[in-house]
Structures are given as structure tokens and as C-alpha cells.
file run.txt (compact mmCIF, C-alpha atoms and all ligand atoms)
# COMPACT_ATOMS: atom_id res chain seq x y z
CA MET A 1 97.77 -68.08 60.43
CA PRO A 2 97.66 -70.53 57.51
CA HIS A 3 100.75 -71.01 55.37
CA ALA A 4 101.08 -68.93 52.23
CA VAL A 5 101.17 -72.18 50.27
CA THR A 6 97.98 -74.20 50.70
CA VAL A 7 98.39 -76.43 47.64
CA VAL A 8 101.53 -78.52 48.10
CA PRO A 9 103.21 -79.25 44.75
CA PRO A 10 104.27 -82.75 43.71
CA PRO A 11 107.97 -83.58 44.25
CA LEU A 12 110.47 -82.56 41.59
CA GLN A 13 112.91 -85.03 40.14
CA LEU A 14 116.64 -84.30 39.98
CA PRO A 15 119.22 -86.40 38.10
CA GLY A 16 120.05 -89.73 39.76
CA GLY A 17 116.49 -90.49 40.83
CA VAL A 18 116.60 -87.90 43.60
CA LEU A 19 113.29 -86.27 44.52
CA VAL A 20 112.85 -82.89 46.18
CA HIS A 21 109.69 -82.38 48.22
CA CYS A 22 108.31 -79.00 49.21
CA VAL A 23 107.32 -78.89 52.87
CA PRO A 24 105.56 -75.64 53.82
CA ALA A 25 106.11 -74.63 57.44
CA HIS A 26 105.13 -71.68 59.66
CA GLU A 27 103.78 -68.78 57.60
CA ASP A 28 106.05 -68.70 54.57
CA ASN A 29 109.02 -71.01 55.18
CA LEU A 30 109.70 -73.57 52.47
CA ILE A 31 111.51 -76.63 53.76
CA TRP A 32 113.07 -78.85 51.09
CA LEU A 33 113.22 -82.58 51.75
CA ILE A 34 115.66 -84.46 49.53
CA GLU A 35 114.56 -88.07 49.00
CA LEU A 36 117.24 -90.50 47.85
CA PRO A 37 116.48 -93.71 45.92
CA SER A 38 117.65 -95.67 48.99
CA GLY A 39 114.68 -94.35 51.00
CA GLU A 40 116.89 -92.03 53.04
CA ALA A 41 116.10 -88.36 53.29
CA ALA A 42 117.89 -85.08 54.00
CA VAL A 43 116.06 -81.98 55.16
CA VAL A 44 117.30 -78.52 54.17
CA ASP A 45 116.62 -75.96 56.94
CA GLY A 46 113.28 -75.38 58.62
CA PRO A 47 111.58 -73.68 61.58
CA ASP A 48 110.47 -77.04 63.05
CA ALA A 49 110.35 -80.74 62.24
CA GLU A 50 106.62 -81.47 62.41
CA ALA A 51 105.63 -81.51 58.73
CA THR A 52 108.94 -83.06 57.67
CA LEU A 53 108.49 -85.99 60.07
CA HIS A 54 104.91 -86.45 58.83
CA LEU A 55 106.06 -86.60 55.23
CA CYS A 56 108.87 -89.04 56.07
CA ALA A 57 106.40 -91.29 57.87
CA ALA A 58 103.88 -91.11 55.05
CA ARG A 59 106.46 -92.10 52.44
CA GLY A 60 108.38 -94.57 54.60
CA LEU A 61 111.54 -92.46 54.49
CA ARG A 62 114.35 -92.51 57.02
CA LEU A 63 115.56 -89.04 57.90
CA THR A 64 119.35 -89.30 58.15
CA THR A 65 120.64 -85.80 57.42
CA VAL A 66 120.02 -82.15 58.18
CA LEU A 67 121.56 -79.50 55.94
CA ASN A 68 121.64 -75.96 57.37
CA THR A 69 122.38 -72.97 55.15
CA HIS A 70 122.56 -70.50 58.05
CA THR A 71 121.64 -70.13 61.68
CA HIS A 72 118.53 -67.96 61.84
CA GLY A 73 115.89 -69.53 64.08
CA ASP A 74 113.57 -70.43 61.23
CA HIS A 75 116.40 -72.45 59.62
CA VAL A 76 117.98 -74.27 62.60
CA GLY A 77 114.62 -74.57 64.37
CA VAL A 78 114.33 -78.00 62.76
CA ASN A 79 117.51 -79.07 64.59
CA ARG A 80 116.13 -77.84 67.91
CA ASP A 81 112.79 -79.53 67.36
CA LEU A 82 114.46 -82.84 66.46
CA GLN A 83 116.63 -82.45 69.57
CA ARG A 84 113.53 -81.92 71.77
CA ARG A 85 112.01 -85.08 70.35
CA GLY A 86 115.25 -87.00 71.01
CA LEU A 87 115.76 -87.53 67.28
CA LEU A 88 118.80 -85.37 66.55
CA SER A 89 121.56 -87.53 67.98
CA GLY A 90 122.62 -90.03 65.37
CA LEU A 91 121.72 -87.72 62.52
CA ARG A 92 124.30 -86.23 60.22
CA VAL A 93 124.08 -82.46 60.61
CA VAL A 94 125.88 -80.42 57.96
CA GLY A 95 126.13 -76.68 58.50
CA PRO A 96 128.27 -73.59 58.18
CA LYS A 97 131.68 -73.81 59.82
CA GLY A 98 131.62 -70.01 60.12
CA ALA A 99 128.70 -70.21 62.56
CA ALA A 100 129.33 -73.69 63.99
CA ASP A 101 128.41 -72.76 67.58
CA ALA A 102 124.89 -71.84 66.51
CA VAL A 103 124.06 -75.10 64.70
CA PRO A 104 122.50 -77.56 67.18
CA GLY A 105 123.90 -81.07 66.77
CA LEU A 106 126.42 -80.08 64.10
CA THR A 107 128.48 -83.11 63.07
CA GLU A 108 129.98 -81.80 59.85
CA PRO A 109 131.02 -78.16 59.64
CA VAL A 110 131.47 -77.11 56.01
CA GLU A 111 133.02 -74.17 54.25
CA GLU A 112 133.72 -72.82 50.79
CA GLY A 113 134.84 -75.52 48.35
CA ASP A 114 133.79 -78.53 50.42
CA GLU A 115 131.81 -81.31 48.84
CA ILE A 116 129.41 -83.66 50.58
CA THR A 117 127.81 -86.87 49.39
CA LEU A 118 124.38 -88.09 50.42
CA ASN A 119 124.49 -91.88 50.65
CA GLY A 120 126.73 -92.08 47.59
CA ALA A 121 123.80 -90.94 45.43
CA SER A 122 123.90 -87.20 45.42
CA ARG A 123 126.89 -84.90 45.53
CA LEU A 124 126.55 -81.34 46.77
CA LYS A 125 129.15 -78.61 46.50
CA VAL A 126 129.35 -76.03 49.26
CA TRP A 127 129.70 -72.35 48.45
CA LEU A 128 130.06 -69.60 51.00
CA THR A 129 127.27 -67.17 50.06
CA GLU A 130 127.37 -64.45 52.68
CA GLY A 131 125.57 -61.12 52.76
CA HIS A 132 122.31 -62.16 54.45
CA MET A 133 124.23 -63.62 57.38
CA ASN A 134 127.88 -64.38 58.09
CA GLY A 135 128.75 -68.01 57.44
CA HIS A 136 125.74 -68.56 55.13
CA VAL A 137 126.39 -71.44 52.73
CA SER A 138 124.57 -72.74 49.67
CA PHE A 139 124.43 -76.37 48.54
CA ILE A 140 124.81 -76.95 44.81
CA THR A 141 124.09 -80.16 42.97
CA THR A 142 123.55 -80.99 39.30
CA GLY A 143 120.49 -79.04 38.22
CA ALA A 144 119.70 -77.42 41.56
CA VAL A 145 120.86 -75.02 44.22
CA PHE A 146 119.62 -74.78 47.82
CA CYS A 147 120.45 -71.19 48.60
CA GLY A 148 118.64 -70.46 51.87
CA ASP A 149 118.00 -66.72 52.24
CA THR A 150 120.56 -65.50 49.69
CA LEU A 151 118.86 -65.55 46.29
CA PHE A 152 115.06 -65.49 46.45
CA ALA A 153 112.64 -65.96 43.59
CA GLY A 154 112.44 -62.40 42.30
CA GLY A 155 114.55 -60.94 45.09
CA CYS A 156 117.30 -61.45 47.63
CA GLY A 157 117.62 -61.81 51.38
CA TYR A 158 117.74 -58.91 53.78
CA LEU A 159 121.31 -57.79 54.52
CA PHE A 160 121.48 -58.55 58.25
CA ASP A 161 125.26 -58.88 58.25
CA GLY A 162 126.02 -57.55 54.78
CA PRO A 163 127.88 -55.72 53.49
CA PRO A 164 126.20 -55.20 50.11
CA ALA A 165 129.41 -56.17 48.29
CA LYS A 166 129.35 -59.64 49.85
CA MET A 167 125.71 -60.19 48.95
CA LEU A 168 126.24 -59.01 45.39
CA GLU A 169 129.22 -61.32 45.01
CA SER A 170 127.13 -64.24 46.31
CA LEU A 171 124.24 -63.39 43.97
CA ASN A 172 126.49 -62.98 40.94
CA ARG A 173 128.10 -66.30 41.63
CA LEU A 174 124.75 -68.07 41.88
CA ALA A 175 123.56 -66.28 38.74
CA ALA A 176 126.48 -67.77 36.80
CA LEU A 177 125.17 -71.32 37.35
CA PRO A 178 123.59 -72.95 34.26
CA GLN A 179 120.34 -71.20 33.24
CA ASP A 180 118.13 -74.22 33.90
CA THR A 181 119.41 -74.72 37.48
CA LEU A 182 116.44 -74.92 39.85
CA VAL A 183 116.57 -72.33 42.63
CA PHE A 184 115.28 -73.75 45.91
CA CYS A 185 115.11 -70.75 48.23
CA ALA A 186 113.70 -70.90 51.75
CA HIS A 187 110.66 -68.59 51.69
CA GLU A 188 107.54 -67.98 49.62
CA TYR A 189 108.22 -64.27 49.14
CA THR A 190 107.94 -64.21 45.36
CA LEU A 191 104.83 -62.09 44.80
CA ASP A 192 105.99 -59.17 46.94
CA ASN A 193 109.45 -59.46 45.40
CA LEU A 194 108.02 -59.28 41.89
CA ARG A 195 105.73 -56.37 42.72
CA PHE A 196 108.83 -54.47 43.75
CA ALA A 197 110.70 -55.72 40.67
CA ALA A 198 107.95 -54.61 38.28
CA TRP A 199 107.76 -51.22 39.94
CA VAL A 200 111.52 -50.60 39.65
CA GLU A 201 111.87 -52.00 36.13
CA PRO A 202 108.56 -51.25 34.45
CA ASP A 203 109.67 -51.89 30.86
CA ASN A 204 110.79 -55.49 31.47
CA LEU A 205 108.27 -57.66 29.58
CA ASP A 206 109.57 -60.97 30.97
CA LEU A 207 109.02 -59.53 34.41
CA ARG A 208 105.50 -58.43 33.58
CA ASP A 209 104.69 -61.98 32.39
CA ARG A 210 106.24 -63.48 35.49
CA LEU A 211 104.31 -61.17 37.80
CA GLU A 212 101.05 -62.03 36.05
CA PHE A 213 101.74 -65.78 36.24
CA THR A 214 102.86 -65.55 39.87
CA THR A 215 99.80 -63.52 40.84
CA ARG A 216 97.63 -66.30 39.41
CA LEU A 217 99.57 -69.06 41.20
CA ARG A 218 99.43 -67.25 44.52
CA ALA A 219 95.70 -66.54 44.20
CA GLU A 220 95.30 -70.32 44.02
CA GLY A 221 97.55 -70.85 47.08
CA ARG A 222 100.21 -72.49 44.94
CA CYS A 223 103.98 -72.46 45.42
CA THR A 224 106.19 -70.33 43.15
CA VAL A 225 109.48 -71.98 44.11
CA PRO A 226 111.72 -73.31 42.65
CA SER A 227 112.46 -70.82 39.93
CA THR A 228 115.44 -71.10 37.60
CA ILE A 229 118.67 -69.17 37.31
CA GLY A 230 117.65 -68.11 33.78
CA LEU A 231 114.37 -66.65 35.01
CA GLU A 232 116.13 -64.86 37.86
CA ARG A 233 118.65 -63.33 35.47
CA ALA A 234 115.82 -62.08 33.30
CA THR A 235 113.59 -60.68 36.04
CA ASN A 236 115.32 -60.31 39.42
CA PRO A 237 116.22 -56.63 39.99
CA PHE A 238 119.15 -57.57 42.23
CA LEU A 239 120.82 -59.23 39.23
CA ARG A 240 119.95 -56.44 36.81
CA ALA A 241 122.07 -53.42 37.74
CA HIS A 242 122.70 -52.88 34.02
CA SER A 243 119.03 -52.11 33.28
CA PRO A 244 118.51 -48.44 32.27
CA SER A 245 114.90 -48.35 33.48
CA LEU A 246 115.93 -49.76 36.88
CA GLN A 247 118.61 -47.08 37.16
CA ALA A 248 116.10 -44.40 36.15
CA ARG A 249 113.66 -45.48 38.87
CA LEU A 250 116.41 -45.48 41.48
CA ARG A 251 117.50 -41.99 40.39
CA GLU A 252 113.93 -40.79 40.76
CA GLU A 253 113.23 -42.42 44.13
CA LEU A 254 116.65 -42.06 45.78
CA PRO A 255 118.16 -38.93 44.20
CA GLU A 256 121.05 -38.84 46.70
CA ALA A 257 122.16 -42.45 46.07
CA PRO A 258 125.29 -42.97 43.98
CA LEU A 259 124.73 -45.22 40.95
CA HIS A 260 128.18 -45.24 39.38
CA ASP A 261 128.68 -49.02 39.26
CA ALA A 262 126.86 -52.33 39.70
CA LEU A 263 127.50 -52.41 43.45
CA ALA A 264 126.11 -48.90 43.92
CA VAL A 265 123.00 -49.79 41.90
CA PHE A 266 122.52 -53.01 43.89
CA THR A 267 122.94 -51.15 47.18
CA ALA A 268 120.38 -48.54 46.16
CA ALA A 269 117.92 -51.16 44.93
CA ARG A 270 118.18 -53.07 48.23
CA ALA A 271 117.70 -49.84 50.19
CA LEU A 272 114.65 -48.92 48.12
CA LYS A 273 113.09 -52.35 48.64
CA ASN A 274 113.58 -51.91 52.40
CA THR A 275 111.43 -48.77 52.33
CA ALA A 276 108.50 -50.96 51.14
CA ARG A 277 107.42 -47.95 49.04
CA HIS A 278 106.44 -50.34 46.20
CA ARG A 279 103.54 -51.60 48.30
CA ALA A 280 101.81 -48.24 47.89
CA HIS A 281 101.81 -48.55 44.09
ZN ZN B 1 117.69 -65.93 57.37

call {"tool": "encode", "arguments": {"input": "run.txt", "output": "C-alpha cells"}}
result
Amino acid sequence: MPHAVTVVPPPLQLPGGVLVHCVPAHEDNLIWLIELPSGEAAVVDGPDAEATLHLCAARGLRLTTVLNTHTHGDHVGVNRDLQRRGLLSGLRVVGPKGAADAVPGLTEPVEEGDEITLNGASRLKVWLTEGHMNGHVSFITTGAVFCGDTLFAGGCGYLFDGPPAKMLESLNRLAALPQDTLVFCAHEYTLDNLRFAAWVEPDNLDLRDRLEFTTRLRAEGRCTVPSTIGLERATNPFLRAHSPSLQARLREELPEAPLHDALAVFTAARALKNTARHRAH
């Protein structure tokens, strides 16, 4: 099956001359390759290493670092693939201390509050952002966040480990980053996320515009990631528990669900998304 993204976007520039390349892999995984001015590169997650190694070769980059947000197979698969090819030993592998046993080749377990530096050029803060999976971390640098399967463009990750309170705390924390922060999530799930969002919050005009724009991009096989924190705050239903129309839809669809506070609304919204009922509308 071809990847959801058939038109690979040009790299984005972050402060300090750092470039971020989008590397589509498998069906909908988005690998992010961080290129430093020194010609070194760090890969963030991935199901395998094939396309990343191709890109490194094409640009003359030396892959020195793997950053893992969490330990699902389509995120640490890149470690395993590098290992199979005999390329993992010697690499710096940064991953969640809370799931250290499940990160192949881990050299640098990290936890909440840690800070890492990539070749002196790029500093990344580590936040524990659990909810999707225990131990899940996000990497935050000036102008960008690599948040794995926590915050998605227009949605949020499935709550494998949960509980909802942890995920909501993680999302709220990410949402408090500066509005123009680029959100590099790990999957091209945006269109389905926004179809759900528009169904649960039908009076949100920003959301309607975003859905229309995203529909056009996806019809052309283009990538919809990264988004920005500002856009997520305006249109992502999992950050919008305060919205009266969202609450009204939840009341209508899940009449038994409590909606007395932001956590209850978030929990109900996540449960409703899981029913996939929006796909029938
Ligand atoms: Zn995952």
C-alpha cells in the first residue's frame, strides 16, 4: 500500500540553521530527520530505517543519533532495523527511561526535565507526556516540538495506557507552548481527525477552514504536518473542552457520559472518537 503522503515536502528550517526533513514510512508514519549544520543528523522515531538512510546518503549526512518518543514497534522499529544492518552500535540512542528495556541500543535514558544537546547546535528539553503509552516523552526545542503519538494534528493518540487524566495533562502542557511552535507528530492522521473534529464542533469556523484546506492537501497526496500549537488550540477538539457546541454534541451522542469538568469532556470526546461514528457522517 502506498504511503498516505506521496508528495514529500521540502525541509523546514528551525532557528540555528537546523533543518527538519519529513520522511514518510510504512502507510502513514512520519519520520522526522533533524539535519544539523555540521552535516550530522538525528532521526526521531520510525518503523524502519530504509528511507532515512536513503535521505542521509542523498544529502551526504552522517546519522549519529536516534531519538525515541516511545516504544511502540512503529517508533523503535528504526532502532531494530539499524541493528539488523549493523549500524546501531556507535549511535547515540536517546529514549524514555520509563521504558528503557524496550528501546533497542539505548545509550541515554531520559526523563522529565532532562535536556539534551545535538552536537552543540540544538538543545532539546524532555517532557514526560504520558497517556498514549507509559514513559512517552516529547522533545521540545525553540520553535518546535516532537511529540510522537501524544498530540496529533487535529487529534490525539489512542489511550493505550491512559488514564485520560494523564493524556489531558500532557496535551494541556503542550498546548501552553508558544502559539507558533511547530507540532511534529508521528502520523499523517489529520484528515480523519478533522472530520471527527468538525462533526463534534460544527460551529467552529476555523475548523471548517482547516478541514477544507486539509482535504485539498490530502487529495494532492501532500503532508499536513507540522501544524502549530495555535492552530491546534483553535481546532483540536481534545484541547477544546470549553466549547459549548462540542459539549452539546457529546450530550447528544453519549447521553450517559458525565460532562461536569474538562477531564470528563475530554474523556467523552476520546470515547466518541473511538466509536468511529463520525465516519458515517
Ligand atoms: Zn504509539

call {"tool": "residues_near_ligand", "arguments": {"input": "run.txt", "ligand": "ligand ZN 1 (chain B)", "cutoff": "9 Å", "atoms": "only C-alpha atoms and all ligand atoms", "output": "number ranges by chain"}}
result
A: 69-75, 132-133, 136, 148-150, 157-158, 160, 186

call {"tool": "closest_residue", "arguments": {"input": "run.txt", "among": "A:Arg62, A:His54, A:Arg123, A:Arg222", "to": "A:Pro15", "atoms": "all atoms listed in the file"}}
result
A:Arg123

call {"tool": "residues_around", "arguments": {"input": "run.txt", "residues": "A:Leu182", "least_positions_apart": "6", "cutoff": "8 Å", "atoms": "all atoms listed in the file", "output": "PyMOL selection string"}}
result
chain A and resi 143-145+226-229

call {"tool": "residues_around", "arguments": {"input": "run.txt", "residues": "A:Ala264", "least_positions_apart": "4", "cutoff": "12 Å", "atoms": "all atoms listed in the file", "output": "ChimeraX atom specification"}}
result
/A:163-165,168,238,241-242,247,250-251,254,256-260,268-271

call {"tool": "residues_around", "arguments": {"input": "run.txt", "residues": "A:Thr214", "least_positions_apart": "3", "cutoff": "8 Å", "atoms": "all atoms listed in the file", "output": "PyMOL selection string"}}
result
chain A and resi 190-191+210-211+217-218+224

call {"tool": "closest_residue", "arguments": {"input": "run.txt", "among": "A:Leu151, A:Val78, A:Leu118, A:Ala41", "to": "A:Phe184", "atoms": "only C-alpha atoms"}}
result
A:Leu151

call {"tool": "atom_distance", "arguments": {"input": "run.txt", "atom1": "atom CA of A:His26", "atom2": "atom CA of A:Pro47"}}
result
7.0 Å

call {"tool": "build_atoms", "arguments": {"input": "run.txt", "residues": "stretch 223-250 of chain A", "atoms": "N, CA and C atoms", "output": "PDB file, in the frame of the given file"}}
result
ATOM      1  N   CYS A 223     102.589 -72.807  45.130  1.00  0.00           N
ATOM      2  CA  CYS A 223     103.980 -72.460  45.420  1.00  0.00           C
ATOM      3  C   CYS A 223     104.662 -71.930  44.155  1.00  0.00           C
ATOM      4  N   THR A 224     105.504 -70.929  44.317  1.00  0.00           N
ATOM      5  CA  THR A 224     106.190 -70.330  43.150  1.00  0.00           C
ATOM      6  C   THR A 224     107.668 -70.705  43.110  1.00  0.00           C
ATOM      7  N   VAL A 225     108.087 -71.558  44.017  1.00  0.00           N
ATOM      8  CA  VAL A 225     109.480 -71.980  44.110  1.00  0.00           C
ATOM      9  C   VAL A 225     109.518 -73.484  43.790  1.00  0.00           C
ATOM     10  N   PRO A 226     110.516 -74.013  43.099  1.00  0.00           N
ATOM     11  CA  PRO A 226     111.720 -73.310  42.650  1.00  0.00           C
ATOM     12  C   PRO A 226     111.505 -72.488  41.387  1.00  0.00           C
ATOM     13  N   SER A 227     112.361 -71.495  41.226  1.00  0.00           N
ATOM     14  CA  SER A 227     112.460 -70.820  39.930  1.00  0.00           C
ATOM     15  C   SER A 227     113.719 -71.359  39.264  1.00  0.00           C
ATOM     16  N   THR A 228     114.187 -70.679  38.250  1.00  0.00           N
ATOM     17  CA  THR A 228     115.440 -71.100  37.600  1.00  0.00           C
ATOM     18  C   THR A 228     116.397 -69.913  37.560  1.00  0.00           C
ATOM     19  N   ILE A 229     117.660 -70.228  37.424  1.00  0.00           N
ATOM     20  CA  ILE A 229     118.670 -69.170  37.310  1.00  0.00           C
ATOM     21  C   ILE A 229     118.376 -68.285  36.094  1.00  0.00           C
ATOM     22  N   GLY A 230     117.951 -68.893  34.979  1.00  0.00           N
ATOM     23  CA  GLY A 230     117.650 -68.110  33.780  1.00  0.00           C
ATOM     24  C   GLY A 230     116.550 -67.092  34.030  1.00  0.00           C
ATOM     25  N   LEU A 231     115.492 -67.536  34.712  1.00  0.00           N
ATOM     26  CA  LEU A 231     114.370 -66.650  35.010  1.00  0.00           C
ATOM     27  C   LEU A 231     114.804 -65.531  35.958  1.00  0.00           C
ATOM     28  N   GLU A 232     115.637 -65.882  36.929  1.00  0.00           N
ATOM     29  CA  GLU A 232     116.130 -64.860  37.860  1.00  0.00           C
ATOM     30  C   GLU A 232     116.975 -63.823  37.120  1.00  0.00           C
ATOM     31  N   ARG A 233     117.819 -64.280  36.219  1.00  0.00           N
ATOM     32  CA  ARG A 233     118.650 -63.330  35.470  1.00  0.00           C
ATOM     33  C   ARG A 233     117.800 -62.377  34.637  1.00  0.00           C
ATOM     34  N   ALA A 234     116.684 -62.892  34.157  1.00  0.00           N
ATOM     35  CA  ALA A 234     115.820 -62.080  33.300  1.00  0.00           C
ATOM     36  C   ALA A 234     114.931 -61.120  34.079  1.00  0.00           C
ATOM     37  N   THR A 235     114.648 -61.436  35.340  1.00  0.00           N
ATOM     38  CA  THR A 235     113.590 -60.680  36.040  1.00  0.00           C
ATOM     39  C   THR A 235     113.935 -60.197  37.446  1.00  0.00           C
ATOM     40  N   ASN A 236     115.021 -60.666  38.020  1.00  0.00           N
ATOM     41  CA  ASN A 236     115.320 -60.310  39.420  1.00  0.00           C
ATOM     42  C   ASN A 236     116.121 -58.997  39.457  1.00  0.00           C
ATOM     43  N   PRO A 237     115.557 -57.946  40.056  1.00  0.00           N
ATOM     44  CA  PRO A 237     116.220 -56.630  39.990  1.00  0.00           C
ATOM     45  C   PRO A 237     117.605 -56.623  40.629  1.00  0.00           C
ATOM     46  N   PHE A 238     117.850 -57.562  41.557  1.00  0.00           N
ATOM     47  CA  PHE A 238     119.150 -57.570  42.230  1.00  0.00           C
ATOM     48  C   PHE A 238     120.238 -58.232  41.382  1.00  0.00           C
ATOM     49  N   LEU A 239     119.829 -58.712  40.207  1.00  0.00           N
ATOM     50  CA  LEU A 239     120.820 -59.230  39.230  1.00  0.00           C
ATOM     51  C   LEU A 239     120.830 -58.371  37.983  1.00  0.00           C
ATOM     52  N   ARG A 240     120.179 -57.200  38.034  1.00  0.00           N
ATOM     53  CA  ARG A 240     119.950 -56.440  36.810  1.00  0.00           C
ATOM     54  C   ARG A 240     120.404 -54.975  36.923  1.00  0.00           C
ATOM     55  N   ALA A 241     121.564 -54.780  37.556  1.00  0.00           N
ATOM     56  CA  ALA A 241     122.070 -53.420  37.740  1.00  0.00           C
ATOM     57  C   ALA A 241     122.295 -52.694  36.406  1.00  0.00           C
ATOM     58  N   HIS A 242     122.444 -53.470  35.337  1.00  0.00           N
ATOM     59  CA  HIS A 242     122.700 -52.880  34.020  1.00  0.00           C
ATOM     60  C   HIS A 242     121.446 -52.271  33.392  1.00  0.00           C
ATOM     61  N   SER A 243     120.275 -52.528  33.928  1.00  0.00           N
ATOM     62  CA  SER A 243     119.030 -52.110  33.280  1.00  0.00           C
ATOM     63  C   SER A 243     118.831 -50.594  33.377  1.00  0.00           C
ATOM     64  N   PRO A 244     118.705 -49.907  32.229  1.00  0.00           N
ATOM     65  CA  PRO A 244     118.510 -48.440  32.270  1.00  0.00           C
ATOM     66  C   PRO A 244     117.239 -48.020  32.990  1.00  0.00           C
ATOM     67  N   SER A 245     116.152 -48.783  32.833  1.00  0.00           N
ATOM     68  CA  SER A 245     114.900 -48.350  33.480  1.00  0.00           C
ATOM     69  C   SER A 245     114.992 -48.535  35.007  1.00  0.00           C
ATOM     70  N   LEU A 246     115.695 -49.571  35.438  1.00  0.00           N
ATOM     71  CA  LEU A 246     115.930 -49.760  36.880  1.00  0.00           C
ATOM     72  C   LEU A 246     116.740 -48.583  37.428  1.00  0.00           C
ATOM     73  N   GLN A 247     117.776 -48.211  36.715  1.00  0.00           N
ATOM     74  CA  GLN A 247     118.610 -47.080  37.160  1.00  0.00           C
ATOM     75  C   GLN A 247     117.791 -45.783  37.193  1.00  0.00           C
ATOM     76  N   ALA A 248     116.916 -45.627  36.207  1.00  0.00           N
ATOM     77  CA  ALA A 248     116.100 -44.400  36.150  1.00  0.00           C
ATOM     78  C   ALA A 248     115.167 -44.320  37.358  1.00  0.00           C
ATOM     79  N   ARG A 249     114.562 -45.462  37.713  1.00  0.00           N
ATOM     80  CA  ARG A 249     113.660 -45.480  38.870  1.00  0.00           C
ATOM     81  C   ARG A 249     114.415 -45.150  40.161  1.00  0.00           C
ATOM     82  N   LEU A 250     115.613 -45.726  40.271  1.00  0.00           N
ATOM     83  CA  LEU A 250     116.410 -45.480  41.480  1.00  0.00           C
ATOM     84  C   LEU A 250     116.792 -43.999  41.572  1.00  0.00           C
TER      85      LEU A 250
END
